[in-house]
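What follows is the content of model-v1.pdb (PDB, C-alpha atoms, pLDDT in the B column).
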ATOM      1  CA  MET A   1     107.970 116.890  63.365  1.00 45.00           C
ATOM      2  CA  GLY A   2     106.597 113.361  63.119  1.00 52.00           C
ATOM      3  CA  ARG A   3     103.650 112.398  65.256  1.00 62.00           C
ATOM      4  CA  ARG A   4     105.521 109.799  67.296  1.00 65.00           C
ATOM      5  CA  SER A   5     108.544 112.029  67.876  1.00 71.00           C
ATOM      6  CA  GLY A   6     106.139 114.796  68.894  1.00 86.00           C
ATOM      7  CA  ILE A   7     104.575 112.518  71.505  1.00 87.00           C
ATOM      8  CA  LEU A   8     107.995 111.652  72.877  1.00 89.00           C
ATOM      9  CA  GLU A   9     109.035 115.307  73.087  1.00 93.00           C
ATOM     10  CA  PHE A  10     105.787 116.120  74.878  1.00 93.00           C
ATOM     11  CA  ALA A  11     106.375 113.376  77.456  1.00 92.00           C
ATOM     12  CA  VAL A  12     110.020 114.323  78.028  1.00 94.00           C
ATOM     13  CA  LEU A  13     109.092 117.969  78.611  1.00 96.00           C
ATOM     14  CA  GLY A  14     106.330 116.902  80.989  1.00 94.00           C
ATOM     15  CA  LEU A  15     108.592 114.644  83.028  1.00 93.00           C
ATOM     16  CA  LEU A  16     111.329 117.263  83.231  1.00 96.00           C
ATOM     17  CA  ARG A  17     108.802 119.820  84.389  1.00 94.00           C
ATOM     18  CA  GLU A  18     108.484 117.672  87.516  1.00 92.00           C
ATOM     19  CA  SER A  19     112.233 117.592  88.147  1.00 93.00           C
ATOM     20  CA  PRO A  20     115.578 117.543  86.289  1.00 95.00           C
ATOM     21  CA  MET A  21     116.762 114.069  85.278  1.00 94.00           C
ATOM     22  CA  HIS A  22     119.525 112.366  83.369  1.00 91.00           C
ATOM     23  CA  GLY A  23     118.844 110.141  80.387  1.00 90.00           C
ATOM     24  CA  TYR A  24     118.786 106.897  82.357  1.00 87.00           C
ATOM     25  CA  GLU A  25     116.131 108.239  84.722  1.00 90.00           C
ATOM     26  CA  LEU A  26     114.071 109.512  81.804  1.00 90.00           C
ATOM     27  CA  ARG A  27     114.200 106.116  80.115  1.00 88.00           C
ATOM     28  CA  LYS A  28     112.935 104.422  83.259  1.00 86.00           C
ATOM     29  CA  ARG A  29     110.109 106.910  83.731  1.00 87.00           C
ATOM     30  CA  LEU A  30     109.030 106.628  80.102  1.00 86.00           C
ATOM     31  CA  ASN A  31     108.918 102.842  80.354  1.00 81.00           C
ATOM     32  CA  THR A  32     107.429 102.406  83.831  1.00 78.00           C
ATOM     33  CA  SER A  33     105.258 105.437  84.554  1.00 70.00           C
ATOM     34  CA  LEU A  34     104.230 105.980  80.933  1.00 69.00           C
ATOM     35  CA  GLY A  35     103.843 102.464  79.605  1.00 63.00           C
ATOM     36  CA  VAL A  36     102.797 103.612  76.138  1.00 58.00           C
ATOM     37  CA  PHE A  37     106.421 104.508  75.426  1.00 61.00           C
ATOM     38  CA  ARG A  38     107.632 100.929  75.575  1.00 59.00           C
ATOM     39  CA  ALA A  39     107.134 101.002  71.818  1.00 56.00           C
ATOM     40  CA  PHE A  40     109.872 103.609  71.411  1.00 63.00           C
ATOM     41  CA  SER A  41     113.423 102.434  70.916  1.00 65.00           C
ATOM     42  CA  TYR A  42     116.021 103.644  73.362  1.00 65.00           C
ATOM     43  CA  GLY A  43     117.841 105.188  70.419  1.00 80.00           C
ATOM     44  CA  SER A  44     114.960 107.653  70.027  1.00 85.00           C
ATOM     45  CA  LEU A  45     115.487 109.375  73.360  1.00 89.00           C
ATOM     46  CA  TYR A  46     118.874 111.042  72.926  1.00 90.00           C
ATOM     47  CA  PRO A  47     118.129 112.528  69.484  1.00 92.00           C
ATOM     48  CA  CYS A  48     114.942 113.881  71.051  1.00 93.00           C
ATOM     49  CA  LEU A  49     116.899 115.419  73.932  1.00 94.00           C
ATOM     50  CA  LYS A  50     119.398 116.984  71.546  1.00 95.00           C
ATOM     51  CA  THR A  51     116.541 118.543  69.568  1.00 95.00           C
ATOM     52  CA  LEU A  52     114.979 119.964  72.711  1.00 97.00           C
ATOM     53  CA  VAL A  53     118.319 121.413  73.799  1.00 97.00           C
ATOM     54  CA  ALA A  54     118.871 122.937  70.348  1.00 97.00           C
ATOM     55  CA  ASN A  55     115.414 124.537  70.546  1.00 97.00           C
ATOM     56  CA  GLY A  56     116.288 126.134  73.881  1.00 97.00           C
ATOM     57  CA  TRP A  57     113.694 124.142  75.806  1.00 98.00           C
ATOM     58  CA  LEU A  58     116.250 122.149  77.816  1.00 97.00           C
ATOM     59  CA  ILE A  59     119.723 122.800  79.143  1.00 97.00           C
ATOM     60  CA  GLU A  60     122.414 120.242  79.924  1.00 95.00           C
ATOM     61  CA  GLU A  61     124.147 120.305  83.297  1.00 92.00           C
ATOM     62  CA  PRO A  62     126.789 118.041  84.837  1.00 87.00           C
ATOM     63  CA  GLY A  63     125.618 115.575  87.456  1.00 74.00           C
ATOM     64  CA  ASN A  64     125.321 117.115  90.912  1.00 58.00           C
ATOM     65  CA  ALA A  65     127.257 114.550  92.910  1.00 53.00           C
ATOM     66  CA  PRO A  66     131.069 115.065  92.724  1.00 49.00           C
ATOM     67  CA  GLU A  67     131.670 111.389  93.469  1.00 48.00           C
ATOM     68  CA  ASP A  68     129.718 110.512  90.322  1.00 52.00           C
ATOM     69  CA  ALA A  69     132.151 112.504  88.208  1.00 49.00           C
ATOM     70  CA  VAL A  70     135.151 110.936  89.961  1.00 49.00           C
ATOM     71  CA  SER A  71     133.786 107.428  89.561  1.00 54.00           C
ATOM     72  CA  ALA A  72     133.052 108.060  85.905  1.00 53.00           C
ATOM     73  CA  ALA A  73     136.562 109.418  85.305  1.00 50.00           C
ATOM     74  CA  LEU A  74     138.183 106.425  87.013  1.00 50.00           C
ATOM     75  CA  ALA A  75     136.071 104.080  84.897  1.00 52.00           C
ATOM     76  CA  GLY A  76     136.978 105.936  81.722  1.00 52.00           C
ATOM     77  CA  ARG A  77     133.440 107.206  81.242  1.00 58.00           C
ATOM     78  CA  ARG A  78     132.018 110.675  80.947  1.00 61.00           C
ATOM     79  CA  ALA A  79     129.871 111.941  83.826  1.00 66.00           C
ATOM     80  CA  LYS A  80     126.117 111.787  83.399  1.00 82.00           C
ATOM     81  CA  ILE A  81     124.406 114.827  81.957  1.00 92.00           C
ATOM     82  CA  VAL A  82     121.340 116.156  83.767  1.00 95.00           C
ATOM     83  CA  TYR A  83     118.611 117.724  81.648  1.00 97.00           C
ATOM     84  CA  ARG A  84     116.707 120.691  83.055  1.00 97.00           C
ATOM     85  CA  LEU A  85     113.636 122.435  81.651  1.00 97.00           C
ATOM     86  CA  THR A  86     114.170 126.108  80.769  1.00 97.00           C
ATOM     87  CA  ALA A  87     111.576 128.840  81.194  1.00 97.00           C
ATOM     88  CA  GLU A  88     110.988 128.674  77.430  1.00 97.00           C
ATOM     89  CA  GLY A  89     110.606 124.906  77.668  1.00 97.00           C
ATOM     90  CA  LYS A  90     108.020 125.227  80.429  1.00 97.00           C
ATOM     91  CA  GLU A  91     106.101 127.773  78.366  1.00 96.00           C
ATOM     92  CA  HIS A  92     106.240 125.499  75.323  1.00 97.00           C
ATOM     93  CA  PHE A  93     105.009 122.498  77.323  1.00 96.00           C
ATOM     94  CA  GLU A  94     102.107 124.507  78.743  1.00 95.00           C
ATOM     95  CA  GLU A  95     101.193 125.508  75.197  1.00 95.00           C
ATOM     96  CA  LEU A  96     101.223 121.851  74.124  1.00 94.00           C
ATOM     97  CA  LEU A  97      99.209 120.944  77.198  1.00 94.00           C
ATOM     98  CA  SER A  98      96.460 123.381  76.218  1.00 95.00           C
ATOM     99  CA  GLN A  99      95.990 121.923  72.719  1.00 92.00           C
ATOM    100  CA  THR A 100      92.833 119.901  72.136  1.00 93.00           C
ATOM    101  CA  GLY A 101      93.020 119.137  68.420  1.00 90.00           C
ATOM    102  CA  PRO A 102      92.336 115.754  66.797  1.00 91.00           C
ATOM    103  CA  ASP A 103      95.841 114.445  67.530  1.00 89.00           C
ATOM    104  CA  ALA A 104      95.014 114.540  71.248  1.00 92.00           C
ATOM    105  CA  TYR A 105      92.393 111.820  70.700  1.00 91.00           C
ATOM    106  CA  ASP A 106      94.681 109.282  68.982  1.00 88.00           C
ATOM    107  CA  ASP A 107      95.653 106.168  70.889  1.00 86.00           C
ATOM    108  CA  GLU A 108      99.255 106.945  71.843  1.00 80.00           C
ATOM    109  CA  HIS A 109      98.845 110.698  72.073  1.00 87.00           C
ATOM    110  CA  PHE A 110      95.796 110.384  74.301  1.00 92.00           C
ATOM    111  CA  ALA A 111      97.663 108.078  76.684  1.00 88.00           C
ATOM    112  CA  ALA A 112     100.496 110.621  76.924  1.00 88.00           C
ATOM    113  CA  ARG A 113      98.054 113.487  77.451  1.00 92.00           C
ATOM    114  CA  PHE A 114      96.182 111.551  80.122  1.00 92.00           C
ATOM    115  CA  ALA A 115      99.425 110.892  81.992  1.00 90.00           C
ATOM    116  CA  PHE A 116      99.772 114.652  82.515  1.00 92.00           C
ATOM    117  CA  PHE A 117      96.140 115.431  83.289  1.00 93.00           C
ATOM    118  CA  GLY A 118      97.220 116.415  86.787  1.00 91.00           C
ATOM    119  CA  GLN A 119      98.941 119.422  85.206  1.00 91.00           C
ATOM    120  CA  THR A 120      96.073 120.164  82.803  1.00 94.00           C
ATOM    121  CA  SER A 121      93.168 122.561  83.365  1.00 93.00           C
ATOM    122  CA  ARG A 122      89.700 121.067  83.806  1.00 93.00           C
ATOM    123  CA  ASP A 123      88.232 122.579  80.646  1.00 94.00           C
ATOM    124  CA  VAL A 124      91.072 121.167  78.536  1.00 96.00           C
ATOM    125  CA  ARG A 125      90.692 117.762  80.196  1.00 96.00           C
ATOM    126  CA  MET A 126      87.009 117.804  79.339  1.00 96.00           C
ATOM    127  CA  ARG A 127      87.616 118.628  75.679  1.00 96.00           C
ATOM    128  CA  VAL A 128      90.244 115.900  75.349  1.00 97.00           C
ATOM    129  CA  LEU A 129      88.065 113.297  77.088  1.00 97.00           C
ATOM    130  CA  GLU A 130      85.006 114.170  75.024  1.00 97.00           C
ATOM    131  CA  GLY A 131      87.059 114.151  71.824  1.00 96.00           C
ATOM    132  CA  ARG A 132      88.509 110.757  72.687  1.00 97.00           C
ATOM    133  CA  ARG A 133      85.049 109.379  73.442  1.00 97.00           C
ATOM    134  CA  SER A 134      83.700 110.673  70.138  1.00 97.00           C
ATOM    135  CA  ARG A 135      86.647 109.119  68.282  1.00 96.00           C
ATOM    136  CA  LEU A 136      86.064 105.743  69.924  1.00 97.00           C
ATOM    137  CA  GLU A 137      82.308 105.848  69.329  1.00 97.00           C
ATOM    138  CA  GLU A 138      83.001 106.390  65.623  1.00 96.00           C
ATOM    139  CA  ARG A 139      85.467 103.501  65.676  1.00 95.00           C
ATOM    140  CA  LEU A 140      82.963 101.273  67.429  1.00 96.00           C
ATOM    141  CA  GLU A 141      80.252 102.063  64.891  1.00 96.00           C
ATOM    142  CA  LYS A 142      82.589 101.125  62.038  1.00 95.00           C
ATOM    143  CA  MET A 143      83.623  97.919  63.776  1.00 94.00           C
ATOM    144  CA  ARG A 144      80.000  96.882  64.265  1.00 94.00           C
ATOM    145  CA  ALA A 145      79.158  97.643  60.637  1.00 94.00           C
ATOM    146  CA  SER A 146      82.185  95.691  59.430  1.00 92.00           C
ATOM    147  CA  LEU A 147      81.322  92.727  61.615  1.00 92.00           C
ATOM    148  CA  ALA A 148      77.744  92.706  60.354  1.00 92.00           C
ATOM    149  CA  ARG A 149      78.980  92.610  56.752  1.00 91.00           C
ATOM    150  CA  THR A 150      81.619  89.935  57.190  1.00 90.00           C
ATOM    151  CA  ARG A 151      80.228  87.746  60.012  1.00 88.00           C
ATOM    152  CA  GLU A 152      79.214  84.895  57.703  1.00 89.00           C
ATOM    153  CA  ARG A 153      82.681  84.744  56.093  1.00 90.00           C
ATOM    154  CA  LEU A 154      84.703  84.671  59.319  1.00 89.00           C
ATOM    155  CA  ASP A 155      85.881  81.556  61.087  1.00 92.00           C
ATOM    156  CA  ASP A 156      85.200  81.215  64.807  1.00 92.00           C
ATOM    157  CA  TYR A 157      88.602  82.470  65.943  1.00 94.00           C
ATOM    158  CA  THR A 158      88.607  85.547  63.743  1.00 93.00           C
ATOM    159  CA  LEU A 159      85.061  86.299  64.845  1.00 92.00           C
ATOM    160  CA  GLU A 160      86.080  85.996  68.476  1.00 93.00           C
ATOM    161  CA  LEU A 161      88.998  88.360  67.881  1.00 93.00           C
ATOM    162  CA  GLN A 162      86.627  90.917  66.351  1.00 92.00           C
ATOM    163  CA  ARG A 163      84.312  90.624  69.337  1.00 93.00           C
ATOM    164  CA  HIS A 164      87.217  91.028  71.723  1.00 95.00           C
ATOM    165  CA  GLY A 165      88.263  94.208  69.930  1.00 94.00           C
ATOM    166  CA  MET A 166      84.766  95.636  70.164  1.00 95.00           C
ATOM    167  CA  GLU A 167      84.536  94.805  73.852  1.00 96.00           C
ATOM    168  CA  SER A 168      87.837  96.598  74.472  1.00 95.00           C
ATOM    169  CA  VAL A 169      86.586  99.760  72.788  1.00 96.00           C
ATOM    170  CA  GLU A 170      83.233  99.548  74.605  1.00 97.00           C
ATOM    171  CA  ARG A 171      85.076  99.185  77.908  1.00 97.00           C
ATOM    172  CA  GLU A 172      87.131 102.316  77.255  1.00 97.00           C
ATOM    173  CA  VAL A 173      84.006 104.276  76.259  1.00 97.00           C
ATOM    174  CA  ARG A 174      82.404 103.331  79.591  1.00 97.00           C
ATOM    175  CA  TRP A 175      85.559 104.413  81.423  1.00 97.00           C
ATOM    176  CA  LEU A 176      85.565 107.734  79.561  1.00 97.00           C
ATOM    177  CA  ASN A 177      81.913 108.271  80.441  1.00 97.00           C
ATOM    178  CA  GLU A 178      82.790 107.852  84.124  1.00 96.00           C
ATOM    179  CA  LEU A 179      85.684 110.280  83.863  1.00 96.00           C
ATOM    180  CA  ILE A 180      83.598 112.879  82.031  1.00 96.00           C
ATOM    181  CA  GLU A 181      80.850 112.584  84.630  1.00 95.00           C
ATOM    182  CA  SER A 182      83.392 113.093  87.410  1.00 94.00           C
ATOM    183  CA  GLU A 183      84.908 116.111  85.675  1.00 94.00           C
ATOM    184  CA  ARG A 184      81.484 117.691  85.173  1.00 92.00           C
ATOM    185  CA  ALA A 185      80.647 117.125  88.821  1.00 90.00           C
ATOM    186  CA  GLY A 186      83.965 118.667  89.875  1.00 86.00           C
ATOM    187  CA  ARG A 187      85.058 115.496  91.625  1.00 78.00           C
ATOM    188  CA  ASP A 188      88.707 114.565  91.997  1.00 65.00           C
ATOM    189  CA  LEU A 189      89.680 111.441  90.046  1.00 65.00           C
ATOM    190  CA  LYS A 190      90.891 109.665  93.183  1.00 57.00           C
ATOM    191  CA  GLY A 191      87.446 109.950  94.670  1.00 46.00           C
ATOM    192  CA  SER A 192      85.467 109.175  91.556  1.00 44.00           C
ATOM    193  CA  GLY A 193      85.761 105.402  91.782  1.00 41.00           C
ATOM    194  CA  SER A 194      86.391 105.212  88.060  1.00 41.00           C
ATOM    195  CA  GLY A 195      89.609 103.323  88.473  1.00 41.00           C
ATOM    196  CA  GLU A 196      92.185 103.048  85.744  1.00 43.00           C
ATOM    197  CA  PRO A 197      91.699 101.926  82.159  1.00 43.00           C
ATOM    198  CA  ALA A 198      92.952  98.635  80.847  1.00 39.00           C
ATOM    199  CA  SER A 199      96.300  98.521  79.107  1.00 40.00           C
ATOM    200  CA  GLN A 200      96.529  98.854  75.340  1.00 42.00           C
ATOM    201  CA  ASP A 201      94.672  96.172  73.443  1.00 43.00           C
ATOM    202  CA  THR A 202      96.897  94.461  70.899  1.00 35.00           C
ATOM    203  CA  ALA A 203      94.025  93.437  68.654  1.00 38.00           C
ATOM    204  CA  THR A 204      92.506  96.889  68.148  1.00 40.00           C
ATOM    205  CA  GLY A 205      95.161  99.383  69.125  1.00 44.00           C
ATOM    206  CA  ALA A 206      92.683 100.972  71.536  1.00 44.00           C
ATOM    207  CA  THR A 207      94.679 102.497  74.316  1.00 43.00           C
ATOM    208  CA  GLY A 208      93.424 102.134  77.817  1.00 41.00           C
ATOM    209  CA  GLY A 209      95.367 103.161  80.844  1.00 41.00           C
ATOM    210  CA  LEU A 210      98.910 103.667  81.938  1.00 41.00           C
ATOM    211  CA  PRO A 211     100.762 101.318  84.242  1.00 34.00           C
ATOM    212  CA  ARG A 212     101.395 102.579  87.722  1.00 36.00           C
ATOM    213  CA  SER A 213     104.896 103.687  88.474  1.00 35.00           C
ATOM    214  CA  GLY A 214     106.987 100.747  89.561  1.00 36.00           C
ATOM    215  CA  GLU A 215     105.366  98.116  87.400  1.00 38.00           C
ATOM    216  CA  PRO A 216     107.829  95.609  85.926  1.00 37.00           C
ATOM    217  CA  SER A 217     109.354  96.457  82.596  1.00 39.00           C
ATOM    218  CA  ARG A 218     112.098  94.910  80.554  1.00 41.00           C
ATOM    219  CA  PRO A 219     115.504  94.965  82.269  1.00 41.00           C
ATOM    220  CA  ASP A 220     117.313  98.277  82.145  1.00 44.00           C
ATOM    221  CA  THR A 221     120.585  98.585  80.354  1.00 44.00           C
ATOM    222  CA  PRO A 222     123.637  99.884  82.230  1.00 42.00           C
ATOM    223  CA  ASP A 223     123.740 103.533  83.184  1.00 46.00           C
ATOM    224  CA  ASP A 224     124.022 105.892  80.253  1.00 50.00           C
ATOM    225  CA  THR A 225     126.495 108.629  79.756  1.00 48.00           C
ATOM    226  CA  ALA A 226     125.950 111.669  77.648  1.00 44.00           C
ATOM    227  CA  THR A 227     126.065 111.105  73.921  1.00 43.00           C
TER     228      THR A 227
END
Rewrite the structure from the file as structure tokens, please.
Amino acid sequence: MGRRSGILEFAVLGLLRESPMHGYELRKRLNTSLGVFRAFSYGSLYPCLKTLVANGWLIEEPGNAPEDAVSAALAGRRAKIVYRLTAEGKEHFEELLSQTGPDAYDDEHFAARFAFFGQTSRDVRMRVLEGRRSRLEERLEKMRASLARTRERLDDYTLELQRHGMESVEREVRWLNELIESERAGRDLKGSGSGEPASQDTATGATGGLPRSGEPSRPDTPDDTAT
């Protein structure tokens, strides 16, 4: 399984753990609630769903509303398929949720993991946060060393871009420090005052936070039918 497809499968399982959805709803949730997935093409979702069904982690069900099926038939379309998490799928997602290996600290994977921190145990959250902080501190050290070596050869705009990238990483490290402090103190995130991280920085690839549900995204395409 590729890393990016693995992230997508993780997010789909996590969203379906909340409630069954059809493909159109999943697309909207991936793009609005989990902004990191705007980078995925829409054509990635249905192959992912088919794989999850084949693995026994999801089942396909017809849409619940009879009028939906009638309307689809009159329009010459197939009724929407609703995807539901199986018991095996829930168990698999919980296993993924407990993992704290190096992949959990990467930019996109961390953003996906953070989106489901509400379903994650405190000790796992701590390990992921501390791992992410360590990864960013290493990145920051390399960026500073690189800037020190090349400063004299850079023009003003490139130098400013490098500084902007460093500031973005420093900002996320400060945010992680606040989160880790809150976790250690046993405080709920809503009461910690740490706020949300900034969105992903295009210059460095450092991932900050996730847009709140309902933020604008690119226009949705017409309702999907099963493929």
Legend entry - Nearest residue to Gln99 (chain A) from the set A:Leu30, A:Leu58, A:Val169, A:Val124 (distances using all atoms listed in the file):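 For Gln99 (chain A), the nearest of the given residues is A:Val124.
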Legend entry - CA of Leu96 (chain A) to CA of Thr32 (chain A), distance in Å rounded to a single decimal: 22.6 Å
Legend entry - Residue neighbourhood region 5-9 of chain A, 10 Å, all atoms listed in the file, exclusion window fewer than 3 positions, as JSON, numbers by chain: {"A": [1, 2, 12, 13, 14, 15, 30, 37, 40, 44, 45, 47, 48, 49, 51, 52, 93, 103, 104, 108, 109, 110, 111, 112, 113]}
Dump as a compact mmCIF listing (two decimals), keeping the file's coordinate frame, selection limited to C-alpha atoms:
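Resulting contents of result_27.txt:
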# COMPACT_ATOMS: atom_id res chain seq x y z
CA MET A 1 107.97 116.89 63.36
CA GLY A 2 106.60 113.36 63.12
CA VAL A 12 110.02 114.32 78.03
CA LEU A 13 109.09 117.97 78.61
CA GLY A 14 106.33 116.90 80.99
CA LEU A 15 108.59 114.64 83.03
CA LEU A 30 109.03 106.63 80.10
CA PHE A 37 106.42 104.51 75.43
CA PHE A 40 109.87 103.61 71.41
CA SER A 44 114.96 107.65 70.03
CA LEU A 45 115.49 109.38 73.36
CA PRO A 47 118.13 112.53 69.48
CA CYS A 48 114.94 113.88 71.05
CA LEU A 49 116.90 115.42 73.93
CA THR A 51 116.54 118.54 69.57
CA LEU A 52 114.98 119.96 72.71
CA PHE A 93 105.01 122.50 77.32
CA ASP A 103 95.84 114.44 67.53
CA ALA A 104 95.01 114.54 71.25
CA GLU A 108 99.26 106.94 71.84
CA HIS A 109 98.84 110.70 72.07
CA PHE A 110 95.80 110.38 74.30
CA ALA A 111 97.66 108.08 76.68
CA ALA A 112 100.50 110.62 76.92
CA ARG A 113 98.05 113.49 77.45
Inset, instruction - Taking the file as shown, find all residues satisfying the PyMOL selection byres ((chain A and resi 132) around 9) and write them as a PyMOL selection string. - result: chain A and resi 102+104-107+110+127-131+133-137+173+176
Inset, instruction - Work out how far CA of Trp175 (chain A) is from CA of Leu147 (chain A), in Å to one decimal. - result: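 Computing the Euclidean distance for CA of Leu147 (chain A) and CA of Trp175 (chain A) yields 23.4 Å.
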Inset, instruction - Calculate how many Å separate CA of Trp57 (chain A) from CA of Phe10 (chain A), rounding to one decimal. - result: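 Taking CA of Trp57 (chain A) and CA of Phe10 (chain A), their separation equals 11.3 Å.
Distances from A:Ala54, A:Leu159, A:Leu140, A:Met126 to Glu183 (chain A) were compared using all atoms listed in the file, and the smallest one belongs to A:Met126.
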Legend entry - Counting only C-alpha atoms, the option among A:His22, A:Arg29, A:Lys90, A:Arg125 closest to Arg184 (chain A):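 That would be A:Arg125, the residue with the smallest distance to Arg184 (chain A).
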Inset, instruction - Compile the contact shell of Ser146 (chain A) as a PyMOL selection string: residues with an atom at most 12 Å away, counting only C-alpha atoms, same-chain residues fewer than 5 positions apart removed. - result: chain A and resi 139-141+151-154+159+162-163+166
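Comparing the minimum interatomic distances between Leu85 (chain A) and each of A:Pro62, A:Gly101, A:Gly43, A:Pro20, counting only C-alpha atoms, we find that A:Pro20 sits nearest.
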Legend entry - For Phe116 (chain A), the nearest of the candidates A:Val53, A:Ser33, A:Lys28, A:Ser19, counting only C-alpha atoms: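 Under the stated criterion, the closest residue is A:Ser33.
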